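Read through the structure below, which is laid out as structure tokens, and then see the notes.
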Amino acid sequence: MKRLGSIFLITLFVTGGFAMADENRPRPVLKDASCPLSKTDAECKKVLSLEQYRVLREKGTEHPFSGLYHDRHEPGVYRCAACGSPLFMSDDKFDSGTGWPSFVRPAADNNVGFREDLSYGMVRTEVFCKVCGGHLGHVFEDGRAPTGERFCINSAALRFDPRQ
């Protein structure tokens with residue numbers, strides 16, 4: 001009887017996550033990326049670290065509080081680690097307490113794309129580099145003003161250029 005109760009609770013917990021998914025997203029979500037990755041896997045493995053490759057090419061997530069940029073506060077530009085495109089400005093960065101660099105908006109909408117991510121039984125919006133197609137992280141609707149969005153980005157997907 002205890003086993004049946006445990007199975008019921010686990011099932012209830014897992015299916016409850018689906019019911020909480022928000023289908024009303026303010027940003028457009030693409031089903032397929034319109035920009036293919038410009039380099040082969042073999043080429044990328046030569047120029048990216050193992051962690052960068054795992055995040056950018058395999059859509060991995062680094063452990064919270066482990067990345068280089070979650071606690072960086074200097075002024076500058078955060079660029080794509082794969083192609084160097086400008087993605088986020090330090091002026092838009094804030095401490096979300098999550099352990100990942102968080103931004104209220106991208107530096108330029110033409111460099112950042114969005115697509116639906118249904119992995120792990122969740123409905124999320126993936127953020128990717130429109131120039132090279134690399135996975136950056138996800139955007140959530142629990143951020144700060146003025147957008148109310150939190151771009152939760154993996155440090156491994158970024159390269160920081162300080163302001164001169």
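As shown in the structure tokens, the chain order sets the letters A, B, ...; within each chain, residues go from 1, and ligands are also counted from 1 in the order they appear.
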Range 36-113 of chain A near range 132-139 of chain A within 10 Å: what's each residue's closest atom pair and its distance in Å to one decimal, counting only C-alpha atoms, ordered by chain then ascending residue number, as JSON lines?
```
{"residue": "A:Pro36", "atom": "CA", "partner": "A:Gly133", "partner_atom": "CA", "distance": 5.9}
{"residue": "A:Leu37", "atom": "CA", "partner": "A:Gly133", "partner_atom": "CA", "distance": 5.0}
{"residue": "A:Ser38", "atom": "CA", "partner": "A:Cys132", "partner_atom": "CA", "distance": 5.8}
{"residue": "A:Lys39", "atom": "CA", "partner": "A:Cys132", "partner_atom": "CA", "distance": 8.2}
{"residue": "A:Gln52", "atom": "CA", "partner": "A:Gly134", "partner_atom": "CA", "distance": 9.7}
{"residue": "A:Tyr53", "atom": "CA", "partner": "A:Gly134", "partner_atom": "CA", "distance": 9.2}
{"residue": "A:Arg54", "atom": "CA", "partner": "A:His135", "partner_atom": "CA", "distance": 9.4}
{"residue": "A:Val55", "atom": "CA", "partner": "A:His135", "partner_atom": "CA", "distance": 6.4}
{"residue": "A:Leu56", "atom": "CA", "partner": "A:His135", "partner_atom": "CA", "distance": 4.5}
{"residue": "A:Arg57", "atom": "CA", "partner": "A:Gly134", "partner_atom": "CA", "distance": 6.0}
{"residue": "A:Glu58", "atom": "CA", "partner": "A:His135", "partner_atom": "CA", "distance": 7.8}
{"residue": "A:Lys59", "atom": "CA", "partner": "A:His135", "partner_atom": "CA", "distance": 5.4}
{"residue": "A:Gly60", "atom": "CA", "partner": "A:His135", "partner_atom": "CA", "distance": 8.1}
{"residue": "A:Thr61", "atom": "CA", "partner": "A:Gly137", "partner_atom": "CA", "distance": 7.5}
{"residue": "A:Glu62", "atom": "CA", "partner": "A:Gly137", "partner_atom": "CA", "distance": 9.8}
{"residue": "A:Cys80", "atom": "CA", "partner": "A:Gly134", "partner_atom": "CA", "distance": 8.0}
{"residue": "A:Ala81", "atom": "CA", "partner": "A:Gly134", "partner_atom": "CA", "distance": 8.8}
{"residue": "A:Ala82", "atom": "CA", "partner": "A:Gly134", "partner_atom": "CA", "distance": 7.2}
{"residue": "A:Cys83", "atom": "CA", "partner": "A:Cys132", "partner_atom": "CA", "distance": 6.3}
{"residue": "A:Gly84", "atom": "CA", "partner": "A:Cys132", "partner_atom": "CA", "distance": 9.4}
{"residue": "A:Ser85", "atom": "CA", "partner": "A:Cys132", "partner_atom": "CA", "distance": 8.7}
{"residue": "A:Leu87", "atom": "CA", "partner": "A:Leu136", "partner_atom": "CA", "distance": 9.6}
{"residue": "A:Trp100", "atom": "CA", "partner": "A:Gly137", "partner_atom": "CA", "distance": 9.4}
{"residue": "A:Pro101", "atom": "CA", "partner": "A:Gly137", "partner_atom": "CA", "distance": 9.8}
{"residue": "A:Ser102", "atom": "CA", "partner": "A:Val139", "partner_atom": "CA", "distance": 9.2}
{"residue": "A:Phe103", "atom": "CA", "partner": "A:Val139", "partner_atom": "CA", "distance": 9.2}
{"residue": "A:Val104", "atom": "CA", "partner": "A:Val139", "partner_atom": "CA", "distance": 9.3}
{"residue": "A:Arg105", "atom": "CA", "partner": "A:Val139", "partner_atom": "CA", "distance": 9.4}
{"residue": "A:Asn111", "atom": "CA", "partner": "A:Cys132", "partner_atom": "CA", "distance": 9.2}
{"residue": "A:Val112", "atom": "CA", "partner": "A:Leu136", "partner_atom": "CA", "distance": 9.0}
{"residue": "A:Gly113", "atom": "CA", "partner": "A:Gly133", "partner_atom": "CA", "distance": 8.5}
```
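Those residues in range 37-73 of chain A carrying a DSSP assignment of alpha helix (DSSP H), computed from the backbone, are Asp41, Ala42, Glu43, Cys44, Lys45, Lys46, Val47, Leu50, Glu51, Gln52, Tyr53, Arg54, Val55 and Leu56 of chain A.
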Got time to write the residues from that selection, C-alpha atoms, as a tab-separated table (two decimals), in the first residue's frame?
```tsv
chain	number	residue	atom	x	y	z
A	41	ASP	CA	31.57	19.23	-34.97
A	42	ALA	CA	35.20	18.33	-35.70
A	43	GLU	CA	36.08	21.97	-36.41
A	44	CYS	CA	34.34	23.13	-33.23
A	45	LYS	CA	36.11	20.57	-31.07
A	46	LYS	CA	39.43	22.05	-32.21
A	47	VAL	CA	38.61	25.62	-31.16
A	50	LEU	CA	35.20	20.65	-23.72
A	51	GLU	CA	32.75	22.67	-21.59
A	52	GLN	CA	32.14	25.24	-24.34
A	53	TYR	CA	31.47	22.45	-26.83
A	54	ARG	CA	29.09	20.69	-24.43
A	55	VAL	CA	27.10	23.89	-23.83
A	56	LEU	CA	27.17	25.49	-27.28
```
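Atom pair CA of Ala107 in chain A / CA of Pro86 in chain A has a distance of 6.8 Å (rounded to one decimal).
Considering the residues A:Val131, A:Leu158, A:Leu48, A:Leu118 and counting only C-alpha atoms, Gly67 in chain A has its shortest atom-to-atom contact with A:Leu158.
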Expressed in Å, the length from CA of Pro106 in chain A to CA of Pro146 in chain A is 12.5 Å
note - CA of Ser90 in chain A and CA of Gly76 in chain A are separated by 5.4 Å
I'd like the neighbourhood of Phe160 in chain A as number ranges by chain, where a residue qualifies if any of its atoms comes within 8 Å (using only C-alpha atoms), though same-chain residues fewer than 3 positions away should be ignored. A: 76-79
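Nearest to Phe128 in chain A of all the residues A:Arg163, A:Arg115, A:Lys93, A:Arg72 is A:Arg115, based on only C-alpha atoms.
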Original post:
Looking at A:Glu116, A:Asp109, A:Asp92, A:Asp71, which one is nearest to Thr147 in chain A, with distances taken over only C-alpha atoms?
Top reply: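 Closest to Thr147 in chain A of all the choices is A:Asp92.
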